$ cat run-v7.cif   # mmCIF, C-alpha atoms
data_coords
#
loop_
_atom_site.label_atom_id
_atom_site.label_comp_id
_atom_site.auth_asym_id
_atom_site.auth_seq_id
_atom_site.Cartn_x
_atom_site.Cartn_y
_atom_site.Cartn_z
CA MET A 1 -45.09 5.14 -8.52
CA SER A 2 -42.95 2.20 -7.39
CA ARG A 3 -39.20 2.69 -7.24
CA PRO A 4 -36.45 0.32 -8.39
CA VAL A 5 -35.26 0.19 -4.78
CA GLU A 6 -37.34 0.51 -1.65
CA PHE A 7 -36.07 1.78 1.68
CA GLN A 8 -37.76 1.35 5.03
CA VAL A 9 -36.69 2.71 8.42
CA LEU A 10 -37.14 -0.11 10.92
CA HIS A 11 -36.02 1.56 14.15
CA ARG A 12 -34.72 4.90 15.38
CA ASP A 13 -32.37 5.53 18.26
CA PRO A 14 -34.16 7.89 20.68
CA ALA A 15 -30.97 9.64 21.82
CA SER A 16 -29.46 10.39 18.40
CA LEU A 17 -30.36 10.51 14.70
CA ALA A 18 -29.12 6.94 14.16
CA ARG A 19 -31.56 4.67 12.37
CA ARG A 20 -31.77 1.04 11.36
CA GLY A 21 -33.28 0.26 7.97
CA ARG A 22 -33.61 -2.10 5.06
CA LEU A 23 -32.82 -1.37 1.41
CA VAL A 24 -34.55 -3.73 -1.02
CA THR A 25 -32.98 -3.96 -4.48
CA PRO A 26 -33.58 -6.14 -7.57
CA HIS A 27 -30.70 -8.37 -6.37
CA GLY A 28 -31.58 -8.68 -2.70
CA SER A 29 -31.98 -6.81 0.56
CA VAL A 30 -29.37 -4.88 2.53
CA GLU A 31 -29.70 -4.27 6.26
CA THR A 32 -28.55 -0.77 7.16
CA PRO A 33 -26.34 0.81 8.41
CA ALA A 34 -24.23 -1.15 5.93
CA PHE A 35 -20.67 -1.09 4.65
CA MET A 36 -19.97 -1.77 0.96
CA PRO A 37 -16.51 -3.11 0.02
CA VAL A 38 -15.08 -1.45 -3.07
CA GLY A 39 -14.69 -3.52 -6.22
CA THR A 40 -13.44 -0.71 -8.45
CA GLN A 41 -12.65 -2.84 -11.49
CA ALA A 42 -15.39 -5.45 -10.96
CA THR A 43 -13.37 -7.15 -8.23
CA VAL A 44 -12.68 -6.53 -4.57
CA LYS A 45 -8.91 -6.88 -4.69
CA GLY A 46 -7.82 -10.39 -3.76
CA LEU A 47 -11.22 -11.69 -2.64
CA THR A 48 -13.64 -14.04 -4.40
CA PRO A 49 -17.42 -13.59 -4.22
CA ASP A 50 -17.66 -16.61 -1.90
CA GLN A 51 -15.07 -15.10 0.44
CA LEU A 52 -16.95 -11.81 0.45
CA ARG A 53 -20.23 -13.53 1.27
CA ALA A 54 -18.51 -15.32 4.16
CA THR A 55 -17.41 -11.98 5.64
CA GLY A 56 -21.03 -10.77 5.73
CA THR A 57 -20.90 -8.63 2.58
CA SER A 58 -24.32 -7.92 1.07
CA MET A 59 -23.58 -5.07 -1.38
CA LEU A 60 -20.55 -4.01 -3.43
CA LEU A 61 -19.38 -0.87 -5.22
CA ALA A 62 -17.77 -0.70 -8.68
CA ASN A 63 -16.51 2.29 -10.65
CA THR A 64 -17.84 3.70 -13.91
CA TYR A 65 -14.62 5.44 -15.01
CA HIS A 66 -12.38 2.39 -14.58
CA LEU A 67 -14.82 -0.07 -16.17
CA ALA A 68 -15.44 2.26 -19.10
CA LEU A 69 -11.70 2.24 -19.77
CA ARG A 70 -11.22 -1.48 -19.23
CA PRO A 71 -12.87 -3.70 -20.43
CA GLY A 72 -15.51 -1.20 -21.62
CA GLU A 73 -19.17 -1.11 -20.70
CA ALA A 74 -20.18 -2.70 -24.03
CA VAL A 75 -18.12 -5.78 -23.18
CA VAL A 76 -19.73 -6.05 -19.74
CA ALA A 77 -23.22 -5.63 -21.22
CA GLN A 78 -22.58 -8.24 -23.94
CA LEU A 79 -21.44 -10.71 -21.27
CA GLY A 80 -24.65 -10.37 -19.30
CA GLY A 81 -24.12 -7.27 -17.16
CA LEU A 82 -21.93 -6.52 -14.19
CA HIS A 83 -23.49 -9.08 -11.83
CA ARG A 84 -22.86 -12.00 -14.17
CA PHE A 85 -19.53 -10.63 -15.37
CA MET A 86 -18.03 -10.54 -11.87
CA GLY A 87 -19.92 -13.52 -10.46
CA TRP A 88 -21.70 -11.51 -7.77
CA ASP A 89 -25.45 -12.07 -7.46
CA GLY A 90 -26.05 -9.48 -4.72
CA PRO A 91 -26.71 -5.74 -4.98
CA ILE A 92 -24.13 -3.50 -6.69
CA LEU A 93 -23.73 0.29 -6.68
CA THR A 94 -21.65 2.03 -9.35
CA ASP A 95 -19.92 5.33 -8.70
CA SER A 96 -20.42 7.75 -11.58
CA GLY A 97 -16.77 8.59 -12.16
CA GLY A 98 -17.24 12.00 -10.58
CA PHE A 99 -14.60 11.27 -7.93
CA GLN A 100 -12.04 10.96 -10.73
CA VAL A 101 -12.68 14.66 -11.46
CA PHE A 102 -10.90 15.13 -8.13
CA SER A 103 -8.44 12.23 -8.00
CA LEU A 104 -7.24 12.60 -11.60
CA ALA A 105 -7.39 16.40 -11.69
CA ALA A 106 -4.00 16.64 -13.40
CA ARG A 107 -5.35 14.52 -16.27
CA SER A 108 -8.76 16.14 -16.64
CA LYS A 109 -10.43 19.29 -17.92
CA ILE A 110 -13.84 20.34 -16.59
CA THR A 111 -16.40 22.25 -18.64
CA GLU A 112 -20.14 22.64 -18.34
CA ALA A 113 -20.53 19.83 -20.86
CA GLY A 114 -18.59 17.37 -18.73
CA VAL A 115 -15.04 16.22 -18.07
CA ALA A 116 -12.35 15.18 -20.53
CA PHE A 117 -9.82 12.71 -19.09
CA ARG A 118 -6.55 11.36 -20.28
CA SER A 119 -6.60 7.67 -19.46
CA HIS A 120 -4.19 6.74 -16.69
CA ILE A 121 -3.64 3.48 -18.62
CA ASP A 122 -2.68 4.56 -22.12
CA GLY A 123 -3.27 8.32 -22.33
CA ARG A 124 -6.26 8.11 -24.68
CA LEU A 125 -9.03 10.65 -24.31
CA LEU A 126 -12.20 9.75 -22.43
CA GLU A 127 -15.03 12.25 -22.19
CA LEU A 128 -17.57 11.83 -19.41
CA SER A 129 -20.73 13.89 -19.27
CA PRO A 130 -23.83 13.47 -17.11
CA GLU A 131 -25.50 11.72 -20.03
CA SER A 132 -22.61 9.37 -20.85
CA ALA A 133 -21.99 8.54 -17.17
CA VAL A 134 -25.63 7.46 -16.89
CA LYS A 135 -25.47 5.55 -20.19
CA ILE A 136 -22.38 3.64 -19.04
CA GLN A 137 -23.99 2.77 -15.71
CA GLU A 138 -27.15 1.59 -17.44
CA ALA A 139 -25.03 -0.69 -19.64
CA LEU A 140 -23.19 -2.04 -16.58
CA GLY A 141 -26.56 -2.77 -14.96
CA ALA A 142 -25.88 -2.01 -11.29
CA ASP A 143 -28.82 -1.83 -8.88
CA VAL A 144 -27.88 1.74 -7.92
CA ALA A 145 -26.31 4.32 -10.23
CA MET A 146 -24.87 7.63 -9.08
CA CYS A 147 -25.26 11.07 -10.60
CA PHE A 148 -22.20 12.65 -12.17
CA ASP A 149 -21.00 15.42 -9.86
CA GLU A 150 -18.10 17.81 -9.37
CA CYS A 151 -16.07 17.03 -6.26
CA PRO A 152 -13.68 19.93 -5.55
CA ALA A 153 -10.40 19.23 -3.75
CA LEU A 154 -10.12 20.78 -0.30
CA PRO A 155 -9.03 23.21 0.96
CA ALA A 156 -10.84 25.42 -1.52
CA SER A 157 -12.41 28.86 -1.44
CA LYS A 158 -16.11 29.12 -0.78
CA GLU A 159 -16.47 30.59 -4.27
CA THR A 160 -14.89 27.45 -5.80
CA ILE A 161 -17.11 25.16 -3.74
CA ALA A 162 -20.20 27.20 -4.64
CA SER A 163 -19.35 26.84 -8.33
CA ALA A 164 -19.05 23.06 -7.89
CA VAL A 165 -22.41 22.97 -6.12
CA GLY A 166 -24.10 24.79 -8.99
CA ARG A 167 -22.58 22.48 -11.57
CA THR A 168 -23.41 19.40 -9.48
CA VAL A 169 -27.08 20.39 -9.41
CA ARG A 170 -27.18 21.16 -13.13
CA TRP A 171 -25.47 17.87 -13.94
CA ALA A 172 -27.86 16.01 -11.62
CA ARG A 173 -30.82 17.38 -13.55
CA ARG A 174 -29.25 16.14 -16.79
CA CYS A 175 -28.58 12.73 -15.23
CA LYS A 176 -32.20 12.48 -14.16
CA GLU A 177 -33.39 13.31 -17.67
CA ALA A 178 -30.99 10.80 -19.24
CA HIS A 179 -31.78 7.90 -16.92
CA THR A 180 -34.19 5.38 -18.44
CA ARG A 181 -33.65 1.99 -16.71
CA ARG A 182 -36.67 1.29 -14.54
CA ASP A 183 -34.87 -1.51 -12.68
CA GLN A 184 -31.99 0.76 -11.61
CA ALA A 185 -32.08 3.41 -8.90
CA LEU A 186 -30.38 6.79 -9.32
CA PHE A 187 -28.92 8.65 -6.33
CA GLY A 188 -28.09 12.35 -6.18
CA ILE A 189 -24.87 13.59 -4.54
CA VAL A 190 -24.80 16.55 -2.16
CA GLN A 191 -21.69 18.75 -2.36
CA GLY A 192 -20.86 21.94 -0.48
CA GLY A 193 -17.81 21.33 1.70
CA SER A 194 -18.45 22.22 5.33
CA HIS A 195 -20.53 25.29 4.42
CA ALA A 196 -24.01 24.86 5.85
CA ASP A 197 -25.63 27.23 3.36
CA LEU A 198 -24.07 25.53 0.32
CA ARG A 199 -24.89 22.04 1.59
CA GLY A 200 -28.46 23.14 2.24
CA GLU A 201 -28.76 24.78 -1.17
CA CYS A 202 -27.43 21.66 -2.92
CA ALA A 203 -29.56 19.24 -0.90
CA GLU A 204 -32.74 21.27 -1.39
CA ALA A 205 -32.25 21.38 -5.16
CA LEU A 206 -31.52 17.65 -5.37
CA VAL A 207 -34.49 16.70 -3.19
CA ALA A 208 -36.71 18.70 -5.53
CA LEU A 209 -35.50 16.43 -8.35
CA ASP A 210 -36.84 13.41 -6.41
CA PHE A 211 -33.98 10.90 -6.55
CA ASP A 212 -34.24 7.35 -5.22
CA GLY A 213 -31.57 8.06 -2.60
CA TYR A 214 -29.03 10.70 -1.64
CA ALA A 215 -25.29 10.63 -1.07
CA VAL A 216 -23.09 13.01 0.86
CA GLY A 217 -20.04 13.65 -1.30
CA GLY A 218 -16.88 15.68 -0.95
CA VAL A 219 -15.88 14.31 2.46
CA SER A 220 -12.82 12.21 1.55
CA VAL A 221 -10.81 14.89 -0.20
CA GLY A 222 -8.44 16.23 2.45
CA GLU A 223 -10.60 17.53 5.29
CA SER A 224 -10.35 16.82 9.03
CA ARG A 225 -12.61 14.48 10.99
CA GLU A 226 -14.26 17.53 12.52
CA GLN A 227 -14.98 18.95 9.05
CA VAL A 228 -16.57 15.65 8.06
CA ARG A 229 -18.77 15.78 11.17
CA GLU A 230 -19.79 19.35 10.35
CA ALA A 231 -20.62 18.46 6.73
CA LEU A 232 -22.88 15.66 7.95
CA ARG A 233 -24.46 17.75 10.68
CA VAL A 234 -25.56 20.40 8.19
CA THR A 235 -26.51 17.99 5.37
CA THR A 236 -28.57 15.10 6.74
CA PRO A 237 -31.42 17.27 8.09
CA TRP A 238 -32.18 18.28 4.50
CA LEU A 239 -32.49 14.70 3.23
CA PRO A 240 -35.82 12.84 3.05
CA GLU A 241 -36.52 10.40 5.88
CA ASP A 242 -37.82 7.75 3.49
CA ARG A 243 -34.74 7.56 1.23
CA PRO A 244 -31.37 5.88 1.88
CA ARG A 245 -28.47 8.16 2.79
CA TYR A 246 -25.01 7.22 1.60
CA LEU A 247 -21.70 8.68 2.81
CA MET A 248 -19.18 8.24 0.02
CA GLY A 249 -15.60 7.08 0.54
CA VAL A 250 -15.65 6.69 4.33
CA GLY A 251 -14.57 3.50 6.11
CA ARG A 252 -12.67 4.34 9.31
CA PRO A 253 -14.60 2.82 12.22
CA GLN A 254 -14.57 6.15 14.06
CA ASP A 255 -16.00 7.97 11.04
CA ILE A 256 -18.69 5.34 10.49
CA LEU A 257 -19.83 5.70 14.11
CA ASP A 258 -19.90 9.50 13.81
CA ALA A 259 -21.89 9.33 10.57
CA VAL A 260 -24.45 6.82 11.84
CA ALA A 261 -25.15 9.21 14.72
CA THR A 262 -26.27 11.81 12.13
CA GLY A 263 -28.57 9.40 10.25
CA ILE A 264 -26.32 7.92 7.53
CA ASP A 265 -27.24 4.44 6.24
CA MET A 266 -24.54 3.35 3.76
CA PHE A 267 -20.75 3.56 3.47
CA ASP A 268 -17.99 2.49 1.09
CA CYS A 269 -14.22 2.68 1.26
CA VAL A 270 -11.07 0.97 -0.01
CA LEU A 271 -9.64 1.10 3.52
CA PRO A 272 -10.17 -2.54 4.61
CA THR A 273 -8.55 -4.08 1.55
CA ARG A 274 -5.88 -1.39 1.10
CA ASN A 275 -4.88 -1.75 4.74
CA GLY A 276 -4.98 -5.51 4.36
CA ARG A 277 -2.56 -5.39 1.42
CA ASN A 278 -0.26 -3.29 3.58
CA ALA A 279 -0.22 -5.71 6.56
CA THR A 280 -2.50 -3.58 8.74
CA CYS A 281 -5.53 -5.14 10.42
CA LEU A 282 -8.52 -3.42 12.03
CA THR A 283 -9.55 -4.58 15.49
CA GLY A 284 -11.81 -3.35 18.26
CA SER A 285 -8.77 -2.05 20.16
CA GLY A 286 -7.10 -0.32 17.23
CA GLN A 287 -4.88 -1.26 14.33
CA VAL A 288 -2.50 -4.24 14.33
CA LYS A 289 0.67 -3.90 12.24
CA LEU A 290 1.43 -7.45 11.23
CA ARG A 291 5.03 -6.82 10.15
CA ASN A 292 6.01 -5.79 13.69
CA ALA A 293 8.55 -8.15 15.26
CA ALA A 294 6.30 -8.47 18.30
CA HIS A 295 4.10 -10.85 16.30
CA ARG A 296 6.90 -13.22 15.23
CA LEU A 297 5.97 -15.86 17.83
CA ASP A 298 2.40 -14.76 18.55
CA PRO A 299 0.12 -17.84 18.40
CA GLY A 300 -3.10 -15.86 18.77
CA PRO A 301 -5.45 -14.70 16.01
CA VAL A 302 -5.48 -11.18 14.65
CA GLU A 303 -8.43 -10.49 16.97
CA GLU A 304 -9.72 -12.64 19.80
CA GLY A 305 -13.37 -13.53 19.33
CA CYS A 306 -13.41 -12.76 15.59
CA ASP A 307 -15.04 -15.57 13.60
CA CYS A 308 -13.61 -14.65 10.18
CA PHE A 309 -11.75 -17.30 8.17
CA ALA A 310 -8.36 -15.74 8.95
CA CYS A 311 -8.87 -15.60 12.71
CA ARG A 312 -10.42 -19.07 12.93
CA ASN A 313 -7.54 -20.75 11.17
CA PHE A 314 -4.31 -18.75 11.43
CA SER A 315 -2.09 -16.96 13.94
CA ARG A 316 -0.57 -13.51 13.89
CA ALA A 317 2.80 -15.23 13.61
CA TYR A 318 1.70 -17.01 10.43
CA LEU A 319 0.27 -13.87 8.85
CA ARG A 320 3.48 -12.00 9.70
CA HIS A 321 5.46 -14.77 8.04
CA LEU A 322 3.34 -14.48 4.89
CA PHE A 323 3.98 -10.75 4.64
CA MET A 324 7.70 -11.07 5.36
CA ALA A 325 7.94 -13.81 2.71
CA LYS A 326 5.89 -11.70 0.27
CA GLU A 327 3.32 -14.48 -0.12
CA MET A 328 0.04 -13.38 -1.72
CA LEU A 329 -2.02 -15.20 0.92
CA GLY A 330 -1.02 -12.60 3.51
CA PRO A 331 -2.91 -9.68 1.91
CA ILE A 332 -5.85 -11.99 1.18
CA LEU A 333 -6.23 -13.12 4.80
CA ALA A 334 -5.71 -9.61 6.19
CA SER A 335 -8.30 -8.24 3.77
CA ILE A 336 -10.79 -10.95 4.74
CA HIS A 337 -10.37 -10.00 8.38
CA ASN A 338 -10.70 -6.26 7.76
CA VAL A 339 -13.87 -6.58 5.67
CA ALA A 340 -15.35 -8.96 8.27
CA TYR A 341 -14.45 -6.51 11.04
CA LEU A 342 -16.38 -3.65 9.41
CA HIS A 343 -19.39 -5.87 8.77
CA ARG A 344 -19.32 -6.99 12.39
CA LEU A 345 -19.13 -3.36 13.50
CA THR A 346 -22.14 -2.36 11.39
CA ARG A 347 -24.04 -5.42 12.61
CA GLN A 348 -23.35 -4.39 16.22
CA ILE A 349 -24.43 -0.85 15.35
CA ARG A 350 -27.75 -2.16 14.01
CA GLU A 351 -28.29 -4.19 17.18
CA ALA A 352 -27.46 -1.19 19.37
CA ILE A 353 -29.95 0.99 17.50
CA THR A 354 -32.68 -1.63 17.86
CA GLU A 355 -31.96 -1.94 21.58
CA GLU A 356 -31.84 1.89 21.90
CA ARG A 357 -28.30 1.97 23.30
CA PHE A 358 -26.41 3.32 20.29
CA VAL A 359 -25.04 6.43 22.02
CA GLN A 360 -23.42 4.38 24.78
CA PHE A 361 -22.21 1.78 22.29
CA ARG A 362 -20.58 4.47 20.15
CA LEU A 363 -18.76 5.96 23.14
CA GLU A 364 -17.49 2.55 24.27
CA VAL A 365 -16.19 1.63 20.82
CA LEU A 366 -14.54 5.02 20.30
CA GLU A 367 -12.82 4.77 23.69
CA ALA A 368 -11.50 1.28 22.85
CA LEU A 369 -10.29 2.35 19.40
CA GLY A 370 -8.48 5.43 20.63
CA PRO A 371 -7.89 8.57 18.53
#

$ encode --input "run-v7.cif" --output "structure tokens"
Amino acid sequence: MSRPVEFQVLHRDPASLARRGRLVTPHGSVETPAFMPVGTQATVKGLTPDQLRATGTSMLLANTYHLALRPGEAVVAQLGGLHRFMGWDGPILTDSGGFQVFSLAARSKITEAGVAFRSHIDGRLLELSPESAVKIQEALGADVAMCFDECPALPASKETIASAVGRTVRWARRCKEAHTRRDQALFGIVQGGSHADLRGECAEALVALDFDGYAVGGVSVGESREQVREALRVTTPWLPEDRPRYLMGVGRPQDILDAVATGIDMFDCVLPTRNGRNATCLTGSGQVKLRNAAHRLDPGPVEEGCDCFACRNFSRAYLRHLFMAKEMLGPILASIHNVAYLHRLTRQIREAITEERFVQFRLEVLEALGP
């Protein structure tokens, strides 16, 4: 049976579990490892589709919970679906809203049926279940939909995490049964904290349900970098070789490099645009704080050798001026650079895997970035 997305491993690094691949979707192909900028409300903050394309973006992420609240999935569907609505003709992945079970915990109540939220906008009640999360994502029309899962906040007891794993698997089964769009992939999400047995139990149950791809969830909720590494180390061996593997909510260069070494293919994070809005730029030698007085007369680009629009045309001194003057162009240019930086990093990772030098490349980049 053909799948709505196809994934092929093109090359494996002989000294690690890193792999280069290609994900083919109804709206185009994505070379992996790949980073997906986050367009929570059908927009990557401050950036147009043309600007995103120019950074090297091939796939975006949008959020089910936020779009269900505003403007509503029926509005998006009536206006031609998410791709047409936001003017993006490339692949899109929609998060299920499960992360809001964690991030909006004070406004939500979890039961076996699903989660009841109080809208952060106007306080009205929104109920999300596995079935409704799938229905909303089908109406939005993304290339990849995610199962509705329970993402427990860490630190948490093993008993609490085990309970979330059980519910995640039961909800995944309901998502699978509810999903009907043949042109949309559905990915399962592995939970389990850093407990090898719980991660294995969750992954084994999800693999038995035969999803189109698998995500590693619960790794951006308060744990250390070492805990993230451990979660990946014990999870990826359970996941099928012929399906894409997606690490949710991770965008630090160091974490991307660590995850690729374990066999992860896809990433998303608000980090590049959030940092950009806060005058912080990512570079190969660490972060640059553009508000620092040291940049007041600096004629150089944010990063030497970067070919992004911001670095080709403007100086650090100019970007600092924009932020000090509270001009909206400052966050836009910094965001362009940060997104371009992460795409350049993943492109270099793909080249290193193909040339079978990923391990050395990772060490060199980590040393240059610092802790």

$ resolve_selection --input "run-v7.cif" --expression "the PyMOL selection byres ((chain A and resi 47-50) around 9)" --output "list in words"
Thr43, Val44, Lys45, Gly46, Gln51, Leu52, Arg53, Ala54, Thr55, Met86, Gly87, Trp88, Asp89, Ile332, Ser335 and Ile336 of chain A

$ closest_residue --input "run-v7.cif" --among "A:Gly300, A:Pro244, A:Gly370, A:Pro237" --to "A:Gly286" --atoms "all atoms listed in the file"
A:Gly370

$ atom_distance --input "run-v7.cif" --atom1 "atom CA of A:Asp212" --atom2 "atom CA of A:Met36"
18.0 Å

$ closest_residue --input "run-v7.cif" --among "A:Ala196, A:Leu79, A:Ala62, A:Val302" --to "A:Ala317" --atoms "all atoms listed in the file"
A:Val302

$ atom_distance --input "run-v7.cif" --atom1 "atom CA of A:Arg19" --atom2 "atom CA of A:Pro91"
20.8 Å

$ resolve_selection --input "run-v7.cif" --expression "the PyMOL selection byres ((chain A and resi 220) around 12)" --output "JSON list (two decimals) with C-alpha atoms, in the coordinates of the input"
[["chain", "number", "residue", "atom", "x", "y", "z"],
["A", 99, "PHE", "CA", -14.60, 11.27, -7.93],
["A", 102, "PHE", "CA", -10.90, 15.13, -8.13],
["A", 103, "SER", "CA", -8.44, 12.23, -8.00],
["A", 151, "CYS", "CA", -16.07, 17.03, -6.26],
["A", 152, "PRO", "CA", -13.68, 19.93, -5.55],
["A", 153, "ALA", "CA", -10.40, 19.23, -3.75],
["A", 154, "LEU", "CA", -10.12, 20.78, -0.30],
["A", 155, "PRO", "CA", -9.03, 23.21, 0.96],
["A", 191, "GLN", "CA", -21.69, 18.75, -2.36],
["A", 193, "GLY", "CA", -17.81, 21.33, 1.70],
["A", 216, "VAL", "CA", -23.09, 13.01, 0.86],
["A", 217, "GLY", "CA", -20.04, 13.65, -1.30],
["A", 218, "GLY", "CA", -16.88, 15.68, -0.95],
["A", 219, "VAL", "CA", -15.88, 14.31, 2.46],
["A", 221, "VAL", "CA", -10.81, 14.89, -0.20],
["A", 222, "GLY", "CA", -8.44, 16.23, 2.45],
["A", 223, "GLU", "CA", -10.60, 17.53, 5.29],
["A", 224, "SER", "CA", -10.35, 16.82, 9.03],
["A", 225, "ARG", "CA", -12.61, 14.48, 10.99],
["A", 227, "GLN", "CA", -14.98, 18.95, 9.05],
["A", 228, "VAL", "CA", -16.57, 15.65, 8.06],
["A", 229, "ARG", "CA", -18.77, 15.78, 11.17],
["A", 231, "ALA", "CA", -20.62, 18.46, 6.73],
["A", 247, "LEU", "CA", -21.70, 8.68, 2.81],
["A", 248, "MET", "CA", -19.18, 8.24, 0.02],
["A", 249, "GLY", "CA", -15.60, 7.08, 0.54],
["A", 250, "VAL", "CA", -15.65, 6.69, 4.33],
["A", 251, "GLY", "CA", -14.57, 3.50, 6.11],
["A", 252, "ARG", "CA", -12.67, 4.34, 9.31],
["A", 255, "ASP", "CA", -16.00, 7.97, 11.04],
["A", 267, "PHE", "CA", -20.75, 3.56, 3.47],
["A", 268, "ASP", "CA", -17.99, 2.49, 1.09],
["A", 269, "CYS", "CA", -14.22, 2.68, 1.26],
["A", 270, "VAL", "CA", -11.07, 0.97, -0.01],
["A", 271, "LEU", "CA", -9.64, 1.10, 3.52]]

$ residues_around --input "run-v7.cif" --residues "A:Ala162" --least-positions-apart "3" --cutoff "9 Å" --atoms "all atoms listed in the file" --output "JSON, numbers by chain"
{"A": [157, 158, 159, 165, 166, 167, 191, 192, 193, 198]}

$ closest_residue --input "run-v7.cif" --among "A:Glu138, A:Glu112, A:Asp265, A:Asp242" --to "A:Thr94" --atoms "all atoms listed in the file"
A:Glu138

$ resolve_selection --input "run-v7.cif" --expression "the PyMOL selection byres ((chain A and resi 172) around 12)" --output "ChimeraX atom specification"
/A:96,98,114,129-131,133-134,145-150,164-171,173-179,186-191,202-203,205-211,214

$ residues_around --input "run-v7.cif" --residues "A:Val9" --least-positions-apart "5" --cutoff "12 Å" --atoms "all atoms listed in the file" --output "PyMOL selection string"
chain A and resi 17-24+31-33+240-245+263-265+350+353-354

$ axis_aligned_box --input "run-v7.cif" --around "stretch 111-115 of chain A" --padding-each-side "4 Å" --output "AutoDock Vina command-line options"
--center_x -17.8 --center_y 19.4 --center_z -19.5 --size_x 13.5 --size_y 14.4 --size_z 10.8

$ residues_around --input "run-v7.cif" --residues "A:Ala42" --least-positions-apart "5" --cutoff "9 Å" --atoms "all atoms listed in the file" --output "JSON, numbers by chain"
{"A": [61, 62, 63, 67, 82, 83, 85, 86]}

$ atom_distance --input "run-v7.cif" --atom1 "atom CA of A:Trp238" --atom2 "atom CA of A:Leu93"
22.8 Å

$ closest_residue --input "run-v7.cif" --among "A:Ile136, A:Leu322, A:Ile121, A:Ala185" --to "A:Ala74" --atoms "all atoms listed in the file"
A:Ile136

$ residues_around --input "run-v7.cif" --residues "A:Gln254" --least-positions-apart "4" --cutoff "8 Å" --atoms "only C-alpha atoms" --output "short mmCIF file (atom, residue, chain, number, x, y, z; two decimals) with C-alpha atoms, in the coordinates of the input"
data_model
loop_
_atom_site.label_atom_id
_atom_site.label_comp_id
_atom_site.auth_asym_id
_atom_site.auth_seq_id
_atom_site.Cartn_x
_atom_site.Cartn_y
_atom_site.Cartn_z
CA ASP A 258 -19.90 9.50 13.81
CA LEU A 366 -14.54 5.02 20.30
CA LEU A 369 -10.29 2.35 19.40
#

$ closest_residue --input "run-v7.cif" --among "A:Arg291, A:Ala34, A:His321, A:Glu230" --to "A:Ile349" --atoms "all atoms listed in the file"
A:Ala34

$ closest_residue --input "run-v7.cif" --among "A:His195, A:Arg182, A:Lys109, A:Arg84" --to "A:Leu140" --atoms "only C-alpha atoms"
A:Arg84
